[in-house]
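Source file query_39.cif; content: mmCIF, C-alpha atoms.
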```
data_start
#
loop_
_atom_site.label_atom_id
_atom_site.label_comp_id
_atom_site.auth_asym_id
_atom_site.auth_seq_id
_atom_site.Cartn_x
_atom_site.Cartn_y
_atom_site.Cartn_z
CA MET A 1 32.88 -1.77 -23.51
CA LEU A 2 29.19 -2.41 -23.00
CA LYS A 3 26.43 -0.19 -21.69
CA LEU A 4 22.73 -0.40 -20.89
CA GLU A 5 20.33 1.31 -23.27
CA LYS A 6 16.68 1.85 -22.34
CA ARG A 7 14.23 0.05 -24.60
CA PRO A 8 11.45 2.07 -26.29
CA SER A 9 8.98 -0.35 -24.69
CA PRO A 10 9.37 -3.31 -22.30
CA SER A 11 10.47 -6.52 -23.98
CA VAL A 12 7.73 -9.15 -24.08
CA PHE A 13 10.29 -11.93 -24.61
CA TRP A 14 12.42 -11.01 -21.60
CA GLY A 15 9.33 -10.40 -19.51
CA ARG A 16 8.43 -14.06 -19.98
CA ALA A 17 11.96 -15.47 -20.03
CA THR A 18 13.24 -13.72 -16.90
CA PRO A 19 11.68 -16.12 -14.34
CA VAL A 20 13.09 -19.14 -16.19
CA LEU A 21 16.53 -17.55 -16.44
CA ALA A 22 16.41 -16.58 -12.75
CA VAL A 23 15.63 -20.17 -11.73
CA ALA A 24 18.49 -21.49 -13.90
CA LEU A 25 20.98 -18.98 -12.46
CA THR A 26 19.79 -19.79 -8.94
CA MET A 27 20.52 -23.46 -9.55
CA MET A 28 24.00 -22.62 -10.85
CA ALA A 29 24.86 -20.26 -8.00
CA GLY A 30 23.31 -22.64 -5.47
CA SER A 31 25.44 -25.47 -6.80
CA LEU A 32 28.57 -23.40 -6.24
CA MET A 33 27.43 -22.60 -2.70
CA PHE A 34 26.71 -26.26 -1.93
CA ALA A 35 30.11 -27.27 -3.35
CA ALA A 36 31.80 -24.67 -1.15
CA LEU A 37 30.08 -26.27 1.84
CA GLY A 38 31.60 -29.61 0.89
CA LYS A 39 28.42 -31.18 -0.51
CA ASN A 40 27.83 -32.77 -3.88
CA PRO A 41 26.02 -29.98 -5.80
CA PHE A 42 24.29 -32.35 -8.22
CA GLU A 43 22.98 -34.47 -5.37
CA ALA A 44 21.80 -31.36 -3.53
CA ILE A 45 19.91 -29.98 -6.54
CA ARG A 46 18.39 -33.41 -7.23
CA THR A 47 17.28 -33.72 -3.61
CA ILE A 48 15.65 -30.28 -3.65
CA PHE A 49 13.87 -30.39 -7.02
CA TRP A 50 13.54 -34.06 -8.05
CA ASP A 51 13.15 -36.26 -4.98
CA PRO A 52 10.01 -34.59 -3.57
CA LEU A 53 8.20 -35.29 -6.84
CA PHE A 54 9.69 -38.56 -8.03
CA GLY A 55 11.79 -39.95 -5.18
CA GLU A 56 11.17 -42.82 -2.77
CA PHE A 57 8.78 -40.84 -0.55
CA ALA A 58 7.15 -38.81 -3.31
CA TRP A 59 3.75 -40.36 -2.54
CA TYR A 60 3.76 -38.45 0.76
CA LEU A 61 5.74 -35.36 -0.22
CA ARG A 62 3.50 -34.47 -3.16
CA GLY A 63 0.69 -33.90 -0.68
CA GLN A 64 2.95 -31.65 1.39
CA LEU A 65 3.46 -29.52 -1.70
CA LEU A 66 -0.08 -28.12 -1.40
CA VAL A 67 0.33 -27.66 2.35
CA LYS A 68 3.33 -25.38 1.81
CA ALA A 69 2.08 -23.70 -1.36
CA GLY A 70 -1.35 -22.70 -0.03
CA PRO A 71 -0.30 -19.91 2.36
CA LEU A 72 2.43 -18.69 -0.01
CA ILE A 73 -0.03 -18.28 -2.88
CA LEU A 74 -2.71 -16.72 -0.69
CA ILE A 75 -0.35 -14.10 0.73
CA ALA A 76 1.46 -13.44 -2.58
CA VAL A 77 -1.79 -12.77 -4.45
CA GLY A 78 -2.68 -10.06 -1.93
CA LEU A 79 0.79 -8.52 -2.03
CA SER A 80 0.87 -8.49 -5.83
CA LEU A 81 -2.11 -6.12 -6.04
CA GLY A 82 -0.31 -3.53 -3.95
CA PHE A 83 3.01 -4.04 -5.70
CA ARG A 84 1.32 -3.44 -9.07
CA ALA A 85 0.03 -0.11 -7.75
CA GLY A 86 3.38 0.88 -6.22
CA ILE A 87 2.22 0.19 -2.65
CA TRP A 88 4.91 -1.75 -0.82
CA ASN A 89 3.50 -3.93 1.93
CA ILE A 90 6.52 -5.73 3.43
CA GLY A 91 4.73 -6.70 6.65
CA ALA A 92 2.58 -9.61 5.49
CA GLU A 93 4.32 -11.82 8.07
CA GLY A 94 2.83 -9.70 10.85
CA GLN A 95 -0.62 -9.79 9.24
CA TYR A 96 -0.30 -13.56 8.90
CA ILE A 97 0.51 -13.86 12.62
CA MET A 98 -2.32 -11.60 13.74
CA GLY A 99 -4.82 -13.43 11.56
CA ALA A 100 -3.77 -16.71 13.17
CA ILE A 101 -4.06 -15.24 16.68
CA CYS A 102 -7.50 -13.69 16.07
CA GLY A 103 -8.88 -16.80 14.39
CA ALA A 104 -7.49 -19.09 17.09
CA ALA A 105 -8.74 -16.82 19.88
CA VAL A 106 -12.33 -16.99 18.58
CA GLY A 107 -12.19 -20.78 18.32
CA LEU A 108 -10.60 -21.28 21.73
CA ALA A 109 -13.09 -18.89 23.34
CA ALA A 110 -15.90 -21.20 22.21
CA TYR A 111 -14.12 -24.42 23.29
CA PRO A 112 -15.43 -27.16 23.45
CA THR A 113 -18.36 -26.29 21.18
CA GLU A 114 -19.43 -28.75 18.49
CA SER A 115 -21.23 -26.16 16.39
CA ARG A 116 -20.37 -26.17 12.69
CA LEU A 117 -20.66 -22.38 12.66
CA ILE A 118 -17.51 -21.84 14.70
CA PHE A 119 -15.07 -22.50 11.85
CA PRO A 120 -16.67 -19.96 9.45
CA VAL A 121 -16.62 -17.41 12.27
CA MET A 122 -12.92 -18.17 12.82
CA VAL A 123 -12.29 -17.60 9.10
CA LEU A 124 -13.90 -14.16 9.34
CA ALA A 125 -11.93 -13.40 12.51
CA GLY A 126 -8.66 -14.41 10.84
CA ALA A 127 -9.32 -12.17 7.83
CA PHE A 128 -10.36 -9.34 10.15
CA GLY A 129 -7.18 -9.68 12.25
CA GLY A 130 -4.94 -9.43 9.19
CA TRP A 131 -7.00 -6.54 7.82
CA VAL A 132 -6.78 -4.53 11.05
CA TRP A 133 -3.01 -5.01 11.21
CA ALA A 134 -2.67 -3.84 7.59
CA MET A 135 -4.84 -0.79 8.30
CA ILE A 136 -2.21 0.62 10.67
CA PRO A 137 0.33 1.38 7.88
CA ALA A 138 -2.56 2.28 5.56
CA ILE A 139 -3.96 4.95 7.89
CA LEU A 140 -0.52 6.30 8.76
CA LYS A 141 0.29 6.47 5.04
CA THR A 142 -2.89 8.27 4.05
CA ARG A 143 -3.06 10.62 7.06
CA PHE A 144 0.59 11.39 7.78
CA ASN A 145 2.35 10.26 4.59
CA THR A 146 4.56 7.80 6.45
CA ASN A 147 6.55 5.15 4.62
CA GLU A 148 4.43 1.98 4.41
CA ILE A 149 7.55 -0.16 3.93
CA LEU A 150 9.03 0.78 7.30
CA VAL A 151 5.76 0.79 9.22
CA SER A 152 4.53 -2.57 7.92
CA LEU A 153 7.96 -4.14 8.48
CA MET A 154 8.27 -2.86 12.06
CA LEU A 155 4.81 -4.16 12.85
CA VAL A 156 6.08 -7.68 12.14
CA TYR A 157 8.20 -7.51 15.29
CA VAL A 158 5.24 -6.19 17.27
CA ALA A 159 3.14 -9.10 16.01
CA GLU A 160 5.86 -11.56 17.04
CA THR A 161 5.77 -10.08 20.54
CA VAL A 162 1.98 -10.48 20.64
CA LEU A 163 2.45 -14.08 19.46
CA ALA A 164 4.83 -14.79 22.35
CA MET A 165 2.34 -13.22 24.77
CA ALA A 166 -0.48 -15.35 23.36
CA SER A 167 1.56 -18.55 23.56
CA THR A 168 2.62 -18.01 27.16
CA GLY A 169 -0.38 -16.04 28.36
CA PHE A 170 -3.91 -15.43 27.19
CA LEU A 171 -4.12 -18.36 24.71
CA ARG A 172 -1.99 -20.87 26.60
CA ASN A 173 -3.52 -24.30 27.07
CA PRO A 174 -4.84 -24.46 30.66
CA ASP A 175 -4.32 -28.23 30.58
CA GLY A 176 -0.79 -27.97 29.18
CA ALA A 177 1.06 -28.23 32.50
CA GLY A 178 2.44 -24.72 32.10
CA PHE A 179 4.10 -25.30 28.73
CA PRO A 180 3.71 -22.50 26.16
CA GLY A 181 1.24 -23.02 23.35
CA SER A 182 -2.51 -23.18 22.88
CA ARG A 183 -4.77 -26.20 22.72
CA ASN A 184 -4.19 -28.36 19.66
CA PHE A 185 -6.92 -27.87 17.10
CA SER A 186 -6.57 -31.44 15.84
CA SER A 187 -8.38 -32.53 19.01
CA TYR A 188 -11.03 -29.83 18.57
CA PRO A 189 -13.04 -31.08 15.54
CA ALA A 190 -15.39 -28.10 15.24
CA ALA A 191 -12.44 -25.71 14.78
CA ALA A 192 -10.00 -27.99 12.95
CA ASN A 193 -8.92 -27.67 9.32
CA PRO A 194 -8.13 -31.25 8.23
CA GLU A 195 -7.38 -32.58 4.75
CA LEU A 196 -10.41 -32.49 2.49
CA ILE A 197 -9.12 -35.44 0.42
CA ALA A 198 -6.89 -37.88 2.31
CA GLY A 199 -3.29 -37.94 1.14
CA THR A 200 -3.50 -34.85 -1.07
CA GLY A 201 -2.58 -32.21 1.52
CA LEU A 202 -5.52 -30.11 0.29
CA HIS A 203 -7.37 -28.29 3.06
CA TRP A 204 -9.53 -25.17 3.09
CA GLY A 205 -6.43 -22.98 2.86
CA GLY A 206 -5.59 -24.51 -0.52
CA VAL A 207 -9.15 -23.95 -1.72
CA ALA A 208 -8.97 -20.32 -0.56
CA ALA A 209 -5.66 -19.89 -2.40
CA LEU A 210 -7.15 -21.15 -5.66
CA GLY A 211 -10.18 -18.91 -5.11
CA ALA A 212 -7.90 -15.92 -4.52
CA VAL A 213 -6.04 -16.61 -7.79
CA VAL A 214 -9.30 -16.67 -9.76
CA ALA A 215 -10.73 -13.62 -7.98
CA ALA A 216 -7.53 -11.58 -8.46
CA TYR A 217 -7.38 -12.49 -12.15
CA VAL A 218 -10.99 -11.39 -12.67
CA LEU A 219 -10.37 -8.22 -10.64
CA LEU A 220 -7.35 -7.23 -12.73
CA GLN A 221 -8.94 -8.09 -16.08
CA ARG A 222 -12.61 -7.18 -15.65
CA HIS A 223 -13.07 -4.75 -12.75
CA ILE A 224 -12.53 -0.99 -12.60
CA LEU A 225 -10.45 -1.38 -9.43
CA GLY A 226 -8.05 -3.68 -11.30
CA PHE A 227 -7.73 -1.06 -14.05
CA GLN A 228 -6.99 1.62 -11.45
CA ILE A 229 -4.36 -0.59 -9.80
CA LYS A 230 -2.54 -1.19 -13.08
CA LEU A 231 -2.83 2.45 -14.14
CA ALA A 232 -1.51 3.74 -10.81
CA GLY A 233 1.54 1.50 -11.09
CA GLN A 234 2.32 2.17 -14.74
CA ALA A 235 1.41 5.88 -15.02
CA PRO A 236 0.78 7.58 -11.65
CA ARG A 237 0.21 11.02 -13.20
CA ALA A 238 -2.28 9.65 -15.70
CA ALA A 239 -4.05 7.86 -12.85
CA ARG A 240 -4.46 11.14 -10.96
CA PHE A 241 -5.83 12.86 -14.06
CA ALA A 242 -8.25 9.94 -14.49
CA GLY A 243 -9.62 10.57 -11.00
CA VAL A 244 -7.96 7.63 -9.25
CA SER A 245 -7.63 8.36 -5.53
CA PRO A 246 -4.15 7.33 -4.28
CA ASN A 247 -5.38 7.15 -0.66
CA ARG A 248 -8.27 4.89 -1.63
CA LEU A 249 -5.90 2.57 -3.46
CA VAL A 250 -3.58 2.41 -0.44
CA VAL A 251 -6.45 1.43 1.86
CA MET A 252 -7.91 -1.08 -0.62
CA CYS A 253 -4.63 -2.78 -1.56
CA LEU A 254 -3.26 -2.98 1.97
CA GLY A 255 -6.65 -4.13 3.26
CA ILE A 256 -6.96 -6.94 0.71
CA ALA A 257 -3.36 -8.06 1.31
CA GLY A 258 -3.84 -8.01 5.08
CA ALA A 259 -7.10 -9.96 4.92
CA LEU A 260 -5.60 -12.66 2.68
CA ALA A 261 -2.48 -12.93 4.87
CA GLY A 262 -4.73 -13.22 7.94
CA LEU A 263 -6.69 -16.00 6.24
CA ALA A 264 -3.45 -17.83 5.49
CA GLY A 265 -2.48 -17.62 9.16
CA MET A 266 -5.88 -18.85 10.33
CA PHE A 267 -5.89 -21.82 7.97
CA GLU A 268 -2.32 -22.68 8.98
CA VAL A 269 -2.91 -22.57 12.74
CA THR A 270 -6.04 -24.73 12.53
CA GLY A 271 -4.45 -27.13 10.03
CA PRO A 272 -0.78 -28.03 9.53
CA ALA A 273 0.58 -26.07 12.54
CA GLY A 274 -2.23 -27.20 14.82
CA GLN A 275 -1.76 -24.60 17.57
CA ILE A 276 -0.54 -21.15 18.49
CA SER A 277 3.09 -21.48 19.62
CA ILE A 278 6.08 -19.18 20.07
CA ASP A 279 7.65 -20.39 16.82
CA PHE A 280 4.39 -20.48 14.83
CA ASN A 281 5.55 -17.93 12.26
CA SER A 282 7.56 -19.57 9.49
CA ASN A 283 8.49 -16.55 7.30
CA TYR A 284 5.71 -17.27 4.82
CA GLY A 285 5.00 -13.53 4.68
CA PHE A 286 8.54 -12.71 3.56
CA THR A 287 8.86 -15.68 1.20
CA ALA A 288 5.59 -14.66 -0.44
CA ILE A 289 7.34 -11.51 -1.67
CA ILE A 290 9.67 -13.73 -3.72
CA VAL A 291 6.67 -15.72 -4.95
CA ALA A 292 4.84 -12.55 -6.04
CA PHE A 293 7.77 -11.29 -8.12
CA LEU A 294 8.68 -14.73 -9.46
CA GLY A 295 5.08 -14.96 -10.69
CA ARG A 296 5.47 -11.55 -12.39
CA LEU A 297 2.69 -10.13 -10.15
CA ASN A 298 0.26 -12.17 -12.22
CA PRO A 299 -2.22 -14.38 -10.31
CA VAL A 300 -1.70 -17.38 -12.58
CA GLY A 301 2.07 -16.93 -12.49
CA ILE A 302 1.91 -16.72 -8.69
CA LEU A 303 0.12 -20.07 -8.60
CA PHE A 304 3.05 -21.79 -10.32
CA ALA A 305 5.66 -19.75 -8.47
CA GLY A 306 4.07 -20.76 -5.16
CA LEU A 307 4.29 -24.44 -6.10
CA LEU A 308 7.95 -23.98 -7.09
CA MET A 309 8.81 -22.23 -3.83
CA ALA A 310 6.94 -24.90 -1.87
CA LEU A 311 9.09 -27.45 -3.67
CA THR A 312 12.24 -25.70 -2.42
CA TYR A 313 10.82 -25.76 1.12
CA ILE A 314 10.18 -29.50 1.04
CA GLY A 315 13.33 -30.36 -0.91
CA GLY A 316 15.35 -28.07 1.37
CA GLU A 317 14.13 -29.92 4.45
CA MET A 318 15.11 -33.20 2.79
CA ALA A 319 18.53 -31.82 1.89
CA SER A 320 19.05 -30.65 5.48
CA THR A 321 18.08 -34.06 6.85
CA ASN A 322 19.72 -36.35 4.30
CA LEU A 323 22.75 -34.32 3.22
CA GLY A 324 23.42 -32.26 6.32
CA LEU A 325 23.01 -28.92 4.57
CA PRO A 326 22.50 -26.08 7.08
CA SER A 327 19.08 -24.46 7.04
CA ALA A 328 20.73 -21.07 6.49
CA ALA A 329 22.10 -22.35 3.18
CA ILE A 330 18.60 -23.36 2.08
CA GLN A 331 17.27 -19.93 3.00
CA ALA A 332 20.11 -18.29 1.07
CA PHE A 333 19.27 -20.52 -1.90
CA GLN A 334 15.65 -19.34 -1.79
CA GLY A 335 16.77 -15.72 -1.49
CA MET A 336 18.90 -16.10 -4.60
CA LEU A 337 15.69 -16.49 -6.59
CA LEU A 338 14.63 -12.93 -5.80
CA PHE A 339 18.15 -11.60 -6.32
CA PHE A 340 18.53 -13.11 -9.79
CA LEU A 341 14.94 -12.29 -10.70
CA LEU A 342 15.46 -8.60 -9.98
CA ALA A 343 18.86 -8.65 -11.70
CA CYS A 344 17.52 -10.34 -14.83
CA ASP A 345 14.45 -8.12 -14.82
CA LEU A 346 16.74 -5.31 -15.92
CA LEU A 347 16.75 -6.90 -19.38
CA THR A 348 13.01 -6.28 -19.69
CA ASN A 349 13.45 -2.50 -19.80
CA PHE A 350 17.07 -2.23 -20.92
CA ARG A 351 19.27 -3.89 -23.52
CA ILE A 352 23.03 -4.38 -23.55
CA VAL A 353 24.73 -2.60 -26.44
CA PRO A 354 28.36 -1.74 -27.29
CA ALA A 355 29.42 1.62 -25.92
CA ARG A 356 30.29 4.06 -28.70
CA LYS A 357 33.48 6.03 -28.45
CA GLU A 358 32.94 9.76 -28.36
CA VAL A 359 34.60 11.63 -31.21
CA ARG A 360 36.40 14.78 -30.04
#
```

With the file now loaded, output its structure as structure tokens.
Amino acid sequence: MLKLEKRPSPSVFWGRATPVLAVALTMMAGSLMFAALGKNPFEAIRTIFWDPLFGEFAWYLRGQLLVKAGPLILIAVGLSLGFRAGIWNIGAEGQYIMGAICGAAVGLAAYPTESRLIFPVMVLAGAFGGWVWAMIPAILKTRFNTNEILVSLMLVYVAETVLAMASTGFLRNPDGAGFPGSRNFSSYPAAANPELIAGTGLHWGGVAALGAVVAAYVLLQRHILGFQIKLAGQAPRAARFAGVSPNRLVVMCLGIAGALAGLAGMFEVTGPAGQISIDFNSNYGFTAIIVAFLGRLNPVGILFAGLLMALTYIGGEMASTNLGLPSAAIQAFQGMLLFFLLACDLLTNFRIVPARKEVR
């Protein structure tokens, strides 16, 4: 018989090896799932991980990698700060939606201006929209000690309702013949977010994501707030004795996460998505949770984890189109990453040892 024995200190080796092991186990379990669906598992794995980078259409798909990775990295960096401090913001999808709505609303209100100032104002509005939506669970947590997990998650459904109202009501294109959806920002140059370098997929959202990675790394390594975040997560009692205010951390971490998620929504609606529509939200806020943990809550790790998850998005779409895999199977495959990551993470703090027989 075997049992789990707590390690004296977390294992550095398993802390680094866990993400790699989780990816390998996900591939194995995914292969079994694809085989059960009647598909060639080797072909499915190759289509998801190899073809987007080295296949026939890799010249185009490599650019799409940054398009998909940008919002995932931006949101995951914000979430990771709270997760490190033990503050569980599960509603980034709602903050992403509200940031897109606020940013789009400012741009559409100024239509058809040609001023170069409108896009920076939209960026601020997008960050503000996400921040305000994150402040709701923050205030309820600090004032009434509510559970931020439940409140932030429920607010996602409220945000989706507001999105439907915007698409069919106050942001609907007046020249759209009654169809839901706002004006397309691609035909509104002053408010558009096009590629900065043709063919690369890099737009201002990607630049913001890279900036967020650098800023978060500096914050965690060089700033007193980063020290307080790590201390609150690792030793809450010690943090209180050191004078760290739990309420201040809740407001700061949720506020930063909400602002970054709002920015991701604003850059997405003015760039790849192009308009506010009923189906604008694409679960980036939920997928970013997987990215944050796969990157070990480390900004640099999140950068690579975001690229990997973006690869599964693009490869999954190819597998759905070329192999006929259902989209639900691709989503389950992505979810396996978090499942195996959390399962394997047990080895960081525990080790498997033989169970000793008790002598009576």

Counting only C-alpha atoms, what is within 10 Å of segment 239-242 of chain A, bar same-chain residues fewer than 3 positions away, as number ranges by chain? A: 227-236, 245-246

Pick out the closest residue to Ser277 of chain A from this set: A:Ala310, A:Leu37, A:Leu163, A:Ala238. Count all atoms listed in the file. A:Leu163

Each residue of segment 116-181 of chain A lying at most 12 Å from segment 58-79 of chain A should get a row with its shortest atom-to-atom pair and the distance in Å to one decimal, counting only C-alpha atoms; could you produce that, ordered by chain and increasing number, as CSV?
```
residue,atom,partner,partner_atom,distance
A:Ala127,CA,A:Ile75,CA,11.6
A:Gly130,CA,A:Ile75,CA,10.7
A:Trp131,CA,A:Gly78,CA,11.2
A:Ala134,CA,A:Leu79,CA,11.2
```

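Counting from atom CA of Ala22 of chain A, the distance to atom CA of Arg296 of chain A is 12.0 Å.
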
Got a sec: who's within 10 Å of Pro112 of chain A, counting all atoms listed in the file, leaving out chain neighbours fewer than 5 positions off, as a PDB file with C-alpha atoms, keeping the file's coordinate frame?
```pdb
ATOM      1  CA  GLY A 107     -12.190 -20.780  18.320  1.00  0.00           C
ATOM      2  CA  SER A 187      -8.380 -32.530  19.010  1.00  0.00           C
ATOM      3  CA  TYR A 188     -11.030 -29.830  18.570  1.00  0.00           C
ATOM      4  CA  PRO A 189     -13.040 -31.080  15.540  1.00  0.00           C
ATOM      5  CA  ALA A 190     -15.390 -28.100  15.240  1.00  0.00           C
ATOM      6  CA  ALA A 191     -12.440 -25.710  14.780  1.00  0.00           C
TER       7      ALA A 191
END
```

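Note that the spacing between atom CA of Val250 of chain A and atom CA of Trp133 of chain A amounts to 13.8 Å.
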
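Shortest separation to Ala100 of chain A among A:Gly199, A:Gly271, A:Gly306, A:Pro137 occurs at residue A:Gly271, atoms counted being all atoms listed in the file.
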
Residues within 6 Å of Arg351 of chain A, please, as a compact mmCIF listing (two decimals) with C-alpha atoms, in the frame of the given file. Count only C-alpha atoms; anything in the same chain fewer than 2 positions from it doesn't count.
```txt
# COMPACT_ATOMS: atom_id res chain seq x y z
CA LEU A 4 22.73 -0.40 -20.89
CA GLU A 5 20.33 1.31 -23.27
CA LEU A 347 16.75 -6.90 -19.38
```

Write out as a PyMOL selection string each polymer residue whose atoms come within 10 Å of Val218 of chain A, counting all atoms listed in the file; drop sequence neighbours fewer than 6 positions from it. chain A and resi 212+226+299

Given the file shown, enumerate the residues that the PyMOL selection byres ((chain A and resi 273) around 12) captures and present them as a PyMOL selection string. chain A and resi 67-68+71+100+104+181-186+192-194+264-272+274-282

Which of A:Gly285, A:Pro19, A:Pro8, A:Gly169 sits closest to Gly301 of chain A [using only C-alpha atoms]: A:Pro19

Go through A:Asn322, A:Thr26, A:Ser152, A:Asn298 and flag the residue nearest Gly91 of chain A, using all atoms listed in the file for the distances.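 Of A:Asn322, A:Thr26, A:Ser152, A:Asn298, the one nearest Gly91 of chain A is A:Ser152, counting all atoms listed in the file.
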
Please complete segment 60-80 of chain A with N, CA and C atoms and give it back as a CSV table (one decimal), keeping the file's coordinate frame.
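selection02.csv, written as the output of this step:
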```csv
chain,number,residue,atom,x,y,z
A,60,TYR,N,4.1,-39.3,-0.4
A,60,TYR,CA,3.8,-38.4,0.8
A,60,TYR,C,4.1,-37.0,0.5
A,61,LEU,N,5.3,-36.7,-0.1
A,61,LEU,CA,5.7,-35.4,-0.2
A,61,LEU,C,4.9,-34.5,-1.2
A,62,ARG,N,4.3,-35.2,-2.2
A,62,ARG,CA,3.5,-34.5,-3.2
A,62,ARG,C,2.3,-33.8,-2.5
A,63,GLY,N,1.8,-34.5,-1.5
A,63,GLY,CA,0.7,-33.9,-0.7
A,63,GLY,C,1.2,-32.7,0.1
A,64,GLN,N,2.4,-32.8,0.6
A,64,GLN,CA,3.0,-31.6,1.4
A,64,GLN,C,3.2,-30.4,0.5
A,65,LEU,N,3.3,-30.6,-0.8
A,65,LEU,CA,3.5,-29.5,-1.7
A,65,LEU,C,2.3,-28.5,-1.6
A,66,LEU,N,1.1,-29.0,-1.5
A,66,LEU,CA,-0.1,-28.1,-1.4
A,66,LEU,C,-0.1,-27.5,0.0
A,67,VAL,N,0.3,-28.2,1.0
A,67,VAL,CA,0.3,-27.7,2.4
A,67,VAL,C,1.2,-26.4,2.4
A,68,LYS,N,2.4,-26.5,1.8
A,68,LYS,CA,3.3,-25.4,1.8
A,68,LYS,C,2.9,-24.3,0.8
A,69,ALA,N,2.4,-24.7,-0.3
A,69,ALA,CA,2.1,-23.7,-1.4
A,69,ALA,C,0.9,-22.8,-1.0
A,70,GLY,N,-0.1,-23.4,-0.3
A,70,GLY,CA,-1.4,-22.7,0.0
A,70,GLY,C,-1.1,-21.3,0.6
A,71,PRO,N,-0.5,-21.2,1.8
A,71,PRO,CA,-0.3,-19.9,2.4
A,71,PRO,C,0.6,-19.0,1.5
A,72,LEU,N,1.6,-19.5,0.8
A,72,LEU,CA,2.4,-18.7,0.0
A,72,LEU,C,1.6,-18.0,-1.1
A,73,ILE,N,0.8,-18.8,-1.8
A,73,ILE,CA,0.0,-18.3,-2.9
A,73,ILE,C,-1.0,-17.3,-2.4
A,74,LEU,N,-1.7,-17.6,-1.3
A,74,LEU,CA,-2.7,-16.7,-0.7
A,74,LEU,C,-2.1,-15.4,-0.3
A,75,ILE,N,-1.0,-15.4,0.3
A,75,ILE,CA,-0.4,-14.1,0.7
A,75,ILE,C,0.2,-13.4,-0.5
A,76,ALA,N,0.8,-14.1,-1.4
A,76,ALA,CA,1.5,-13.4,-2.6
A,76,ALA,C,0.4,-12.8,-3.5
A,77,VAL,N,-0.7,-13.4,-3.6
A,77,VAL,CA,-1.8,-12.8,-4.4
A,77,VAL,C,-2.2,-11.4,-3.9
A,78,GLY,N,-2.3,-11.3,-2.6
A,78,GLY,CA,-2.7,-10.1,-1.9
A,78,GLY,C,-1.6,-9.0,-2.1
A,79,LEU,N,-0.3,-9.5,-1.9
A,79,LEU,CA,0.8,-8.5,-2.0
A,79,LEU,C,0.9,-8.0,-3.5
A,80,SER,N,0.7,-8.9,-4.4
A,80,SER,CA,0.9,-8.5,-5.8
A,80,SER,C,0.0,-7.3,-6.3
```
